[in-house]
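Peer 1: Take this structure first; my questions come after.
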Amino acid sequence: MSLINLIKFDILGDSRGSLISLEQYNNIPFDIKRIYYIFDTQSNISRGFHAHYNLEQVAICLKGNVTFLIDDGKDKEKVTLSSPDIGLHIKGLKWREMHDFSEDCVLIVVASELYDEADYIRDYTNFLELVSNNA
Ligand code: TYD
């Protein structure tokens, strides 16, 4: 099974331009409790480098591009997001890294829970231990 789960959003366009609507349990497969966005990322900066115990997210690159690495402790896969009608759905125990942000990148993330530092696994060795204990 691929580690990269992409959701294609319908573009509700007309002659004036394009519009995408995100709705919980319609095109976002969870309760939407939080939305955050990452922008003005400095050059040569990578972000992420963590997993979550209990958070589901959909990441959408609204402008520019960014490359995600998703790692389940066994396999790693990369995907470059560069279109506002594609969401990357991240669920379960997955290590994620974000690399190669374009200067103009605006990345919005829809999340199933409020921010909770206790939900983060920030140590890769700890992550691998959790994966092997869950196997
Ligand atoms: P972090 O999740 O580590 O960023 P990234 O995964 O993109 O590298 O968050 C960076 C900082 O922002 C950290 O101090 C926690 C804070 N933060 C919030 O307060 N609320 C949030 O919703 C998020 C995502 C981060």
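Letters A, B, ... go to the chains of the structure tokens in the order shown; residues in each chain start at 1; ligands are counted from 1 in the same order.
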Please return as a PyMOL selection string the residues found within 9 Å of ligand 1, counting only C-alpha atoms and all ligand atoms.
Peer 2: chain A and resi 34-38+46-51+96-98+109+111+114-117+120+122
Peer 1: Among range 26-83 of chain A, which ones does DSSP assign to strand (DSSP E) (computed from the backbone)? Answer as a ChimeraX atom specification.
Peer 2: /A:34-38,47-52,57-63,66-71,76-81
Peer 1: Rank A:Leu88, A:Leu93, A:Ile28, A:Leu107 by their smallest atom-to-atom distance to Leu62 in chain A, using only C-alpha atoms, and report the top residue only.
Peer 2: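 Residue with the minimum atom-to-atom distance to Leu62 in chain A: A:Leu107.
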Peer 1: Mind checking DSSP for chain A and telling me the helix (DSSP H, G or I) residues as number ranges by chain?
Peer 2: A: 117-119, 124-134
Peer 1: So which one's closest to Ile32 in chain A, A:Asp71, A:Asp119, A:Glu113, A:Glu129? Using only C-alpha atoms, please.
Peer 2: A:Glu113
Peer 1: Give one line per residue of range 55-134 of chain A that approaches range 21-24 of chain A to at most 12 Å, naming the two atoms of the closest pair and their distance in Å to one decimal, counting only C-alpha atoms; sort by chain then ascending residue number and deliver it as CSV.
Peer 2:
residue,atom,partner,partner_atom,distance
A:Gln57,CA,A:Gln24,CA,11.8
A:Val58,CA,A:Leu22,CA,10.3
A:Ala59,CA,A:Leu22,CA,11.8
A:Ile60,CA,A:Leu22,CA,10.7
A:Pro84,CA,A:Ser21,CA,10.9
A:Asp85,CA,A:Ser21,CA,9.9
A:Ile86,CA,A:Leu22,CA,11.4
A:Gly87,CA,A:Leu22,CA,10.3
A:Ile108,CA,A:Leu22,CA,11.6
A:Val109,CA,A:Leu22,CA,11.3
A:Val110,CA,A:Leu22,CA,9.1
A:Ala111,CA,A:Gln24,CA,10.5
A:Ser112,CA,A:Gln24,CA,9.6
Peer 1: Using CA of Asn27 in chain A and CA of Ile7 in chain A as the two end points, give the distance in Å to one decimal.
Peer 2: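 Interatomic distance here is 7.7 Å.
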Peer 1: CA of Ser83 in chain A and CA of Leu69 in chain A are how many Å apart?
Peer 2: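 Taking CA of Ser83 in chain A as the start and CA of Leu69 in chain A as the end point, the length is 17.0 Å.
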Peer 1: Write out as number ranges by chain each polymer residue whose atoms come within 10 Å of Phe39 in chain A, counting only C-alpha atoms; drop sequence neighbours fewer than 5 positions from it.
Peer 2: A: 63, 101-108
Peer 1: For those residues, write all heavy atoms to a file as a compact mmCIF listing (two decimals), in the first residue's frame.
Peer 2:
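The result, stored in again_34.txt:
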# COMPACT_ATOMS: atom_id res chain seq x y z
N LYS A 63 0.06 27.43 -3.07
CA LYS A 63 0.90 28.20 -4.01
C LYS A 63 2.31 27.64 -3.95
O LYS A 63 2.76 27.21 -2.87
CB LYS A 63 0.89 29.67 -3.60
CG LYS A 63 1.38 30.62 -4.68
CD LYS A 63 1.10 32.05 -4.27
CE LYS A 63 1.76 33.04 -5.21
NZ LYS A 63 1.34 32.87 -6.61
N PHE A 101 10.98 23.71 -0.04
CA PHE A 101 9.91 24.70 -0.19
C PHE A 101 10.31 25.70 -1.26
O PHE A 101 11.42 26.25 -1.20
CB PHE A 101 9.73 25.48 1.11
CG PHE A 101 9.04 24.73 2.22
CD1 PHE A 101 9.75 23.89 3.07
CD2 PHE A 101 7.67 24.89 2.42
CE1 PHE A 101 9.12 23.22 4.10
CE2 PHE A 101 7.04 24.22 3.45
CZ PHE A 101 7.76 23.38 4.29
N SER A 102 9.43 25.98 -2.19
CA SER A 102 9.70 27.10 -3.10
C SER A 102 9.51 28.40 -2.30
O SER A 102 8.83 28.42 -1.27
CB SER A 102 8.76 27.06 -4.31
OG SER A 102 7.42 27.22 -3.92
N GLU A 103 10.12 29.45 -2.79
CA GLU A 103 10.10 30.72 -2.06
C GLU A 103 8.66 31.22 -1.83
O GLU A 103 8.35 31.78 -0.78
CB GLU A 103 10.87 31.75 -2.88
CG GLU A 103 11.45 32.88 -2.08
CD GLU A 103 12.28 33.79 -2.99
OE1 GLU A 103 13.46 33.45 -3.19
OE2 GLU A 103 11.74 34.79 -3.48
N ASP A 104 7.80 30.92 -2.81
CA ASP A 104 6.41 31.43 -2.74
C ASP A 104 5.45 30.42 -2.11
O ASP A 104 4.24 30.61 -2.14
CB ASP A 104 5.93 31.80 -4.14
CG ASP A 104 5.95 30.61 -5.11
OD1 ASP A 104 6.56 29.57 -4.78
OD2 ASP A 104 5.34 30.72 -6.19
N CYS A 105 5.99 29.33 -1.55
CA CYS A 105 5.11 28.25 -1.09
C CYS A 105 4.18 28.70 0.04
O CYS A 105 4.62 29.30 1.03
CB CYS A 105 5.95 27.07 -0.61
SG CYS A 105 4.93 25.68 -0.05
N VAL A 106 2.90 28.40 -0.15
CA VAL A 106 1.91 28.54 0.93
C VAL A 106 1.29 27.17 1.11
O VAL A 106 0.63 26.64 0.20
CB VAL A 106 0.82 29.58 0.59
CG1 VAL A 106 -0.18 29.68 1.75
CG2 VAL A 106 1.44 30.94 0.31
N LEU A 107 1.53 26.59 2.28
CA LEU A 107 1.07 25.24 2.57
C LEU A 107 0.04 25.33 3.68
O LEU A 107 0.35 25.79 4.79
CB LEU A 107 2.26 24.37 3.02
CG LEU A 107 1.91 22.93 3.38
CD1 LEU A 107 1.57 22.12 2.13
CD2 LEU A 107 3.07 22.26 4.13
N ILE A 108 -1.18 24.89 3.39
CA ILE A 108 -2.23 24.91 4.42
C ILE A 108 -2.44 23.48 4.90
O ILE A 108 -2.37 22.53 4.10
CB ILE A 108 -3.53 25.56 3.87
CG1 ILE A 108 -4.50 25.84 4.99
CG2 ILE A 108 -4.19 24.73 2.82
CD1 ILE A 108 -5.60 26.83 4.59
